>>> print(open('entry18.txt').read())   # compact mmCIF, C-alpha atoms
# COMPACT_ATOMS: atom_id res chain seq x y z
CA MET A 208 0.00 0.00 0.00
CA ARG A 209 1.19 3.51 -0.77
CA VAL A 210 0.74 5.55 2.42
CA LEU A 211 1.05 9.30 2.87
CA VAL A 212 2.08 10.18 6.43
CA ALA A 213 1.21 13.75 7.35
CA GLY A 214 3.38 14.72 10.30
CA ALA A 215 6.18 12.31 9.41
CA THR A 216 8.81 14.13 11.48
CA GLY A 217 6.80 14.33 14.72
CA ALA A 218 7.21 12.16 17.80
CA VAL A 219 4.83 9.49 16.49
CA GLY A 220 5.72 10.01 12.84
CA ARG A 221 9.40 9.21 13.41
CA GLN A 222 8.38 5.91 14.97
CA LEU A 223 5.71 5.23 12.36
CA VAL A 224 7.54 5.64 9.05
CA PRO A 225 10.12 2.86 9.60
CA ARG A 226 7.40 0.53 10.90
CA LEU A 227 5.32 1.09 7.79
CA GLU A 228 8.32 0.48 5.55
CA ALA A 229 9.25 -2.68 7.45
CA THR A 230 5.72 -3.96 6.89
CA GLY A 231 6.11 -3.50 3.14
CA HIS A 232 4.28 -0.23 2.61
CA GLU A 233 5.58 2.51 0.34
CA VAL A 234 5.70 5.71 2.37
CA VAL A 235 5.55 9.35 1.38
CA GLY A 236 6.05 11.66 4.34
CA ILE A 237 5.13 15.33 4.59
CA SER A 238 5.59 17.82 7.42
CA ARG A 239 6.41 21.47 7.98
CA ARG A 240 10.07 20.52 8.17
CA GLY A 241 12.21 17.99 6.37
CA PRO A 242 12.69 17.10 2.69
CA ARG A 243 9.02 17.63 1.74
CA PRO A 244 7.91 20.73 3.68
CA VAL A 245 4.17 21.35 3.50
CA ASP A 246 2.16 23.79 5.60
CA VAL A 247 -1.05 21.95 6.42
CA LEU A 248 -2.81 25.30 6.84
CA ASP A 249 -2.12 26.04 3.14
CA ALA A 250 -4.97 24.20 1.44
CA GLU A 251 -3.47 24.43 -2.04
CA ALA A 252 -0.08 23.15 -0.88
CA VAL A 253 -1.77 20.21 0.81
CA ARG A 254 -3.80 19.48 -2.31
CA ARG A 255 -0.66 19.43 -4.47
CA ALA A 256 1.21 17.22 -2.01
CA VAL A 257 -1.56 14.64 -1.74
CA ALA A 258 -2.24 14.63 -5.47
CA GLY A 259 1.47 14.19 -6.19
CA ALA A 260 1.79 11.32 -3.72
CA ALA A 261 -1.30 9.54 -5.09
CA PRO A 262 -1.64 7.47 -1.90
CA ASP A 263 -3.91 4.53 -1.20
CA ALA A 264 -4.29 5.77 2.38
CA VAL A 265 -3.47 8.82 4.48
CA VAL A 266 -2.19 8.71 8.06
CA HIS A 267 -2.74 11.99 9.92
CA GLN A 268 -0.23 12.54 12.75
CA LEU A 269 -0.16 16.34 12.53
CA THR A 270 0.18 18.52 15.61
CA ASP A 271 1.58 21.96 16.39
CA LEU A 272 3.00 21.62 19.88
CA GLY A 273 6.51 23.01 19.45
CA GLY A 274 5.46 26.41 20.73
CA VAL A 275 3.33 24.96 23.54
CA ASP A 276 0.41 26.89 22.06
CA GLY A 277 -2.96 25.20 22.43
CA THR A 278 -4.59 27.64 20.02
CA ALA A 279 -2.06 26.82 17.28
CA ASN A 280 -2.52 23.11 17.85
CA ASN A 281 -6.29 23.50 17.71
CA ARG A 282 -5.97 25.28 14.38
CA VAL A 283 -4.13 22.29 12.97
CA ARG A 284 -6.86 20.00 14.29
CA VAL A 285 -9.61 22.08 12.72
CA GLU A 286 -8.25 23.76 9.57
CA GLY A 287 -5.35 21.44 8.88
CA THR A 288 -7.43 18.30 9.17
CA GLN A 289 -10.11 19.68 6.87
CA ASN A 290 -7.49 20.64 4.29
CA LEU A 291 -6.02 17.14 4.43
CA VAL A 292 -9.43 15.47 4.14
CA ASP A 293 -10.46 17.69 1.22
CA ALA A 294 -7.22 16.89 -0.59
CA ALA A 295 -7.57 13.17 0.10
CA ARG A 296 -11.13 13.12 -1.20
CA GLU A 297 -10.08 14.97 -4.37
CA ALA A 298 -7.30 12.41 -4.89
CA GLY A 299 -9.73 9.52 -4.56
CA VAL A 300 -8.45 8.33 -1.16
CA ARG A 301 -10.99 6.35 0.83
CA ARG A 302 -9.00 5.42 3.97
CA ILE A 303 -7.60 7.77 6.59
CA VAL A 304 -6.11 7.04 10.01
CA ALA A 305 -6.05 10.10 12.26
CA GLN A 306 -4.53 10.99 15.61
CA SER A 307 -6.96 12.14 18.30
CA ILE A 308 -6.85 12.11 22.12
CA SER A 309 -8.36 9.94 24.84
CA TRP A 310 -9.01 12.67 27.42
CA ALA A 311 -11.81 14.53 25.64
CA TYR A 312 -14.59 12.32 27.04
CA ALA A 313 -17.46 13.56 29.20
CA PRO A 314 -16.86 13.37 32.97
CA GLY A 315 -17.36 10.09 34.77
CA ASP A 316 -16.12 7.89 37.58
CA ALA A 317 -14.68 5.04 35.49
CA PRO A 318 -12.24 4.91 32.58
CA ALA A 319 -14.03 5.65 29.31
CA ASP A 320 -14.62 3.34 26.39
CA GLU A 321 -15.41 4.60 22.92
CA SER A 322 -19.17 4.66 23.53
CA VAL A 323 -18.79 7.57 25.96
CA PRO A 324 -19.60 10.90 24.26
CA LEU A 325 -17.15 13.75 24.03
CA ASP A 326 -17.38 16.32 26.81
CA PRO A 327 -20.28 18.78 26.24
CA THR A 328 -18.72 21.36 28.59
CA GLU A 329 -18.83 25.05 27.75
CA GLU A 330 -16.07 25.88 30.24
CA LEU A 331 -12.93 27.33 28.69
CA PRO A 332 -10.28 26.38 27.82
CA ARG A 333 -11.48 22.77 27.82
CA ALA A 334 -14.48 23.52 25.58
CA ARG A 335 -12.10 24.86 22.93
CA ILE A 336 -9.92 21.74 23.11
CA VAL A 337 -12.88 19.39 22.83
CA ALA A 338 -14.33 21.44 19.97
CA GLY A 339 -11.06 20.96 18.10
CA VAL A 340 -11.16 17.22 18.69
CA ARG A 341 -14.80 17.07 17.61
CA ALA A 342 -13.99 19.00 14.42
CA LEU A 343 -11.05 16.70 13.64
CA GLU A 344 -13.05 13.53 14.11
CA SER A 345 -16.01 14.91 12.15
CA ALA A 346 -13.79 15.93 9.25
CA VAL A 347 -12.05 12.57 8.89
CA ALA A 348 -15.45 10.84 9.03
CA GLU A 349 -16.20 12.49 5.68
CA LEU A 350 -14.06 9.77 4.11
CA PRO A 351 -15.71 6.34 3.89
CA GLU A 352 -12.96 4.42 5.70
CA ALA A 353 -12.01 6.69 8.61
CA VAL A 354 -10.19 5.34 11.67
CA VAL A 355 -9.64 7.64 14.65
CA LEU A 356 -6.94 6.71 17.17
CA ARG A 357 -7.57 8.34 20.53
CA TYR A 358 -4.07 8.27 21.97
CA GLY A 359 -3.28 8.42 25.64
CA ILE A 360 -0.73 10.88 27.01
CA LEU A 361 2.33 10.25 24.86
CA TYR A 362 5.69 9.49 26.44
CA GLY A 363 8.96 8.32 24.98
CA PRO A 364 11.46 9.95 22.56
CA GLY A 365 10.49 13.41 21.39
CA THR A 366 7.76 13.94 24.00
CA TRP A 367 7.47 16.27 26.98
CA TYR A 368 7.70 13.25 29.32
CA ALA A 369 11.05 11.97 28.03
CA PRO A 370 14.25 12.31 30.09
CA GLY A 371 15.46 15.89 29.81
CA GLY A 372 12.07 17.06 28.57
CA ALA A 373 9.73 19.77 29.72
CA VAL A 374 8.03 17.70 32.42
CA ALA A 375 11.36 16.78 33.99
CA ALA A 376 12.29 20.47 33.99
CA ALA A 377 8.98 21.42 35.60
CA LEU A 378 9.32 18.80 38.32
CA ALA A 379 12.87 20.01 38.96
CA GLY A 380 11.53 23.49 39.60
CA ASP A 381 12.46 25.24 36.34
CA PRO A 382 10.07 28.23 36.13
CA GLY A 383 10.60 28.39 32.37
CA ALA A 384 9.42 24.84 31.70
CA ARG A 385 6.39 24.84 29.43
CA PHE A 386 4.10 22.02 28.35
CA LEU A 387 0.38 21.32 28.08
CA GLY A 388 -0.42 19.04 30.98
CA SER A 389 -0.41 18.77 34.75
CA THR A 390 2.04 17.84 37.48
CA ALA A 391 -0.63 17.72 40.18
CA ALA A 392 -0.26 14.55 42.26
CA ASP A 393 -3.99 14.34 42.89
CA GLY A 394 -6.80 11.93 42.07
CA SER A 395 -7.18 13.00 38.42
CA VAL A 396 -6.85 9.87 36.29
CA GLY A 397 -4.85 9.70 33.08
CA SER A 398 -3.96 7.04 30.52
CA PHE A 399 -0.52 6.88 28.92
CA VAL A 400 0.89 5.28 25.79
CA HIS A 401 4.48 5.05 24.55
CA VAL A 402 5.02 6.67 21.13
CA GLY A 403 6.22 3.33 19.76
CA ASP A 404 2.98 1.65 20.80
CA ALA A 405 1.00 4.54 19.30
CA ALA A 406 2.87 4.11 16.02
CA GLU A 407 2.27 0.37 16.01
CA ALA A 408 -1.45 0.99 16.40
CA ALA A 409 -1.38 3.36 13.41
CA VAL A 410 0.24 0.66 11.26
CA ARG A 411 -2.38 -1.89 12.25
CA ALA A 412 -5.21 0.61 11.87
CA LEU A 413 -4.70 0.61 8.11
CA GLU A 414 -6.61 -2.68 8.22
CA TRP A 415 -9.12 -1.89 11.00
CA PRO A 416 -12.84 -1.28 10.51
CA PRO A 417 -13.79 2.41 10.49
CA GLY A 418 -14.44 3.98 13.87
CA ALA A 419 -12.74 5.31 17.00
CA TYR A 420 -10.26 3.36 19.11
CA ASN A 421 -8.62 4.20 22.43
CA VAL A 422 -4.88 3.62 22.08
CA VAL A 423 -3.72 3.59 25.69
CA ASP A 424 -1.79 1.30 28.00
CA ASP A 425 -3.47 -1.14 30.37
CA GLU A 426 -3.35 0.92 33.57
CA PRO A 427 -5.27 4.19 33.90
CA ALA A 428 -3.97 5.86 37.06
CA PRO A 429 -4.34 8.95 39.23
CA GLY A 430 -1.63 11.56 39.34
CA HIS A 431 -0.62 10.66 42.89
CA ALA A 432 0.26 7.15 41.61
CA TRP A 433 2.09 7.82 38.34
CA LEU A 434 3.87 11.10 39.12
CA PRO A 435 6.25 9.65 41.76
CA VAL A 436 7.17 6.81 39.38
CA LEU A 437 7.83 9.26 36.56
CA ALA A 438 9.87 11.54 38.83
CA GLU A 439 12.04 8.62 39.95
CA ALA A 440 12.63 7.55 36.35
CA LEU A 441 13.58 11.10 35.39
CA GLY A 442 15.80 11.63 38.42
CA VAL A 443 13.89 14.67 39.68
CA PRO A 444 11.91 15.41 42.87
CA ALA A 445 8.41 14.01 43.16
CA PRO A 446 5.61 16.47 43.93
CA GLY A 447 3.69 16.13 47.17
CA ARG A 448 0.33 14.45 47.07
CA THR A 449 -2.73 16.69 46.90
CA GLU A 450 -6.45 16.05 47.17
CA GLY A 451 -9.15 16.49 44.60
CA ARG A 452 -9.88 15.23 41.09
CA VAL A 453 -10.79 16.83 37.80
CA PRO A 454 -14.09 15.10 36.86
CA TRP A 455 -13.23 14.59 33.17
CA ALA A 456 -9.79 13.17 33.99
CA ARG A 457 -11.00 9.57 34.04
CA GLY A 458 -8.59 7.63 31.79
CA ALA A 459 -9.61 5.26 29.03
CA VAL A 460 -9.76 1.54 28.26
CA ASN A 461 -8.15 -0.17 25.27
CA ALA A 462 -10.34 -3.28 24.91
CA ARG A 463 -11.54 -2.42 21.41
CA ALA A 464 -8.03 -2.03 19.97
CA ARG A 465 -6.82 -5.11 21.84
CA ALA A 466 -9.66 -7.15 20.34
CA LEU A 467 -8.19 -6.45 16.90
CA GLY A 468 -4.73 -7.69 17.87
CA TRP A 469 -2.95 -4.56 19.05
CA ALA A 470 -1.26 -4.76 22.44
CA PRO A 471 1.11 -2.23 23.99
CA ALA A 472 4.70 -3.44 24.23
CA ARG A 473 4.84 -1.27 27.35
CA PRO A 474 1.57 -2.28 29.03
CA SER A 475 2.08 0.01 32.03
CA TRP A 476 3.71 3.32 32.80
CA ARG A 477 5.08 1.64 35.95
CA THR A 478 7.86 0.04 33.88
CA GLY A 479 7.49 2.12 30.73
CA PHE A 480 8.66 5.41 32.26
CA ALA A 481 12.06 3.86 33.00
CA ASP A 482 12.22 2.37 29.48
CA GLN A 483 11.47 5.27 27.17
CA GLY A 484 14.03 4.49 24.46
>>> encode(input="entry18.txt", output="structure tokens")
Amino acid sequence: MRVLVAGATGAVGRQLVPRLEATGHEVVGISRRGPRPVDVLDAEAVRRAVAGAAPDAVVHQLTDLGGVDGTANNRVRVEGTQNLVDAAREAGVRRIVAQSISWAYAPGDAPADESVPLDPTEELPRARIVAGVRALESAVAELPEAVVLRYGILYGPGTWYAPGGAVAAALAGDPGARFLGSTAADGSVGSFVHVGDAAEAAVRALEWPPGAYNVVDDEPAPGHAWLPVLAEALGVPAPGRTEGRVPWARGAVNARARALGWAPARPSWRTGFADQG
């Protein structure tokens, strides 16, 4: 299969391209940087790139997180995704695999499966984040074979949670450390996934039935459980435990993806944080 990877130089993209090639796919990668620079917000440039690649499928791994700017990232989710979908449709592409997130679900007490609706909140800034996710998932659904991968919090090479990354700096007390996330050791539950496991899911998703899939490890956990383990792995101080819980921070379950044969090589952050290579 000829596969166009949009976001080929990102944290997941760098893991994904060699996996696709090893599986026998022919890969064309585009990104804002690298040998084939394309600005996803430039609709005509995206159209030319997709038409020139003539792919059988598109894998969307685009983000804009380098500047730690949620508004910029949301613009990629909304405008960039629509540009990519429009270009894919014009090129006759039926199948798209797109990166989404697993923490946009409505509040609840238990980890969410894919039947849980997205959060209807009107409270900012969360409403803006969820609106971006909703727009992304709605846009890719315009193609007849759309697979949405709702990734957990990404860790591993190239992420904020890697050794020497922004989270390590924040936990060490660096006032200039910037990332989109929390270091509150409270009861708010999150689900993680290593970038390699996320990439492996994207490879397999080229054959999955259309729909949404949580791509997370096997152990949703509250901040007061995972933060000390992460801090130890990063060699920085652990934050003190605090009370409370954000209602929408509930984690997610991966049963649907597992039923199709995907399984995380790092099934828990408990060992994965110390093995991020």
>>> residues_around(input="entry18.txt", residues="Ala377 in chain A", least_positions_apart="5", cutoff="10 Å", atoms="only C-alpha atoms", output="list in words")
Gly372, Pro382, Gly383, Ala384, Arg385, Phe386, Ser389, Thr390, Val443 and Pro444 of chain A
>>> write_last_selection(input="entry18.txt", atoms="C-alpha atoms", output="compact mmCIF listing (two decimals), in the frame of the given file")
# COMPACT_ATOMS: atom_id res chain seq x y z
CA GLY A 372 12.07 17.06 28.57
CA PRO A 382 10.07 28.23 36.13
CA GLY A 383 10.60 28.39 32.37
CA ALA A 384 9.42 24.84 31.70
CA ARG A 385 6.39 24.84 29.43
CA PHE A 386 4.10 22.02 28.35
CA SER A 389 -0.41 18.77 34.75
CA THR A 390 2.04 17.84 37.48
CA VAL A 443 13.89 14.67 39.68
CA PRO A 444 11.91 15.41 42.87
>>> closest_residue(input="entry18.txt", among="A:Ala250, A:Ala456, A:Ala438, A:Val323", to="Ala419 in chain A", atoms="all atoms listed in the file")
A:Val323
>>> axis_aligned_box(input="entry18.txt", around="range 320-326 of chain A", padding_each_side="8 Å", output="JSON")
{"center_x": -17.1, "center_y": 9.8, "center_z": 24.9, "size_x": 21.0, "size_y": 29.0, "size_z": 19.9}
>>> atom_distance(input="entry18.txt", atom1="CA of Ile237 in chain A", atom2="CA of Gly273 in chain A")
16.8 Å
>>> atom_distance(input="entry18.txt", atom1="CA of Asp326 in chain A", atom2="CA of Ser307 in chain A")
14.1 Å
>>> closest_residue(input="entry18.txt", among="A:Val265, A:Asp246, A:Ala256, A:Ala313", to="Val283 in chain A", atoms="all atoms listed in the file")
A:Asp246
>>> residues_around(input="entry18.txt", residues="Gly339 in chain A", least_positions_apart="3", cutoff="9 Å", atoms="all atoms listed in the file", output="ChimeraX atom specification")
/A:280-285,334-336,342-344
>>> decode(input="entry18.txt", residues="range 328-356 of chain A", atoms="N, CA and C atoms", output="CSV table (one decimal), in the first residue's frame")
chain,number,residue,atom,x,y,z
A,328,THR,N,-19.0,20.2,27.8
A,328,THR,CA,-18.7,21.4,28.6
A,328,THR,C,-18.6,22.6,27.7
A,329,GLU,N,-19.0,23.7,28.4
A,329,GLU,CA,-18.8,25.0,27.8
A,329,GLU,C,-17.7,25.8,28.5
A,330,GLU,N,-17.1,25.2,29.4
A,330,GLU,CA,-16.1,25.9,30.2
A,330,GLU,C,-14.8,25.9,29.5
A,331,LEU,N,-14.2,27.1,29.4
A,331,LEU,CA,-12.9,27.3,28.7
A,331,LEU,C,-11.8,27.1,29.7
A,332,PRO,N,-10.6,26.7,29.2
A,332,PRO,CA,-10.3,26.4,27.8
A,332,PRO,C,-10.7,25.0,27.3
A,333,ARG,N,-11.2,24.1,28.2
A,333,ARG,CA,-11.5,22.8,27.8
A,333,ARG,C,-12.5,22.7,26.7
A,334,ALA,N,-13.5,23.6,26.7
A,334,ALA,CA,-14.5,23.5,25.6
A,334,ALA,C,-13.8,23.7,24.2
A,335,ARG,N,-12.8,24.6,24.2
A,335,ARG,CA,-12.1,24.9,22.9
A,335,ARG,C,-11.3,23.6,22.5
A,336,ILE,N,-10.7,23.0,23.4
A,336,ILE,CA,-9.9,21.7,23.1
A,336,ILE,C,-10.8,20.7,22.6
A,337,VAL,N,-11.9,20.4,23.3
A,337,VAL,CA,-12.9,19.4,22.8
A,337,VAL,C,-13.5,19.7,21.5
A,338,ALA,N,-13.8,21.0,21.3
A,338,ALA,CA,-14.3,21.4,20.0
A,338,ALA,C,-13.4,21.1,18.8
A,339,GLY,N,-12.1,21.3,19.1
A,339,GLY,CA,-11.1,21.0,18.1
A,339,GLY,C,-11.0,19.5,17.8
A,340,VAL,N,-11.1,18.7,18.9
A,340,VAL,CA,-11.2,17.2,18.7
A,340,VAL,C,-12.4,16.8,17.9
A,341,ARG,N,-13.5,17.4,18.3
A,341,ARG,CA,-14.8,17.1,17.6
A,341,ARG,C,-14.7,17.4,16.1
A,342,ALA,N,-14.1,18.6,15.8
A,342,ALA,CA,-14.0,19.0,14.4
A,342,ALA,C,-13.1,18.1,13.7
A,343,LEU,N,-12.0,17.7,14.3
A,343,LEU,CA,-11.1,16.7,13.6
A,343,LEU,C,-11.8,15.4,13.3
A,344,GLU,N,-12.4,14.8,14.3
A,344,GLU,CA,-13.1,13.5,14.1
A,344,GLU,C,-14.2,13.6,13.1
A,345,SER,N,-14.9,14.7,13.1
A,345,SER,CA,-16.0,14.9,12.2
A,345,SER,C,-15.5,15.0,10.7
A,346,ALA,N,-14.4,15.8,10.6
A,346,ALA,CA,-13.8,15.9,9.3
A,346,ALA,C,-13.3,14.6,8.7
A,347,VAL,N,-12.6,13.8,9.5
A,347,VAL,CA,-12.0,12.6,8.9
A,347,VAL,C,-13.2,11.6,8.6
A,348,ALA,N,-14.3,11.7,9.3
A,348,ALA,CA,-15.4,10.8,9.0
A,348,ALA,C,-16.1,11.1,7.7
A,349,GLU,N,-15.7,12.2,7.0
A,349,GLU,CA,-16.2,12.5,5.7
A,349,GLU,C,-15.7,11.5,4.7
A,350,LEU,N,-14.6,10.8,5.0
A,350,LEU,CA,-14.1,9.8,4.1
A,350,LEU,C,-14.7,8.4,4.5
A,351,PRO,N,-14.9,7.5,3.6
A,351,PRO,CA,-15.7,6.3,3.9
A,351,PRO,C,-15.0,5.3,4.8
A,352,GLU,N,-13.7,5.4,4.9
A,352,GLU,CA,-13.0,4.4,5.7
A,352,GLU,C,-12.1,5.2,6.7
A,353,ALA,N,-12.7,5.8,7.7
A,353,ALA,CA,-12.0,6.7,8.6
A,353,ALA,C,-11.8,6.0,9.9
A,354,VAL,N,-10.5,5.9,10.4
A,354,VAL,CA,-10.2,5.3,11.7
A,354,VAL,C,-9.6,6.4,12.5
A,355,VAL,N,-10.1,6.6,13.7
A,355,VAL,CA,-9.6,7.6,14.7
A,355,VAL,C,-8.9,6.9,15.8
A,356,LEU,N,-7.7,7.3,16.1
A,356,LEU,CA,-6.9,6.7,17.2
A,356,LEU,C,-6.9,7.7,18.3
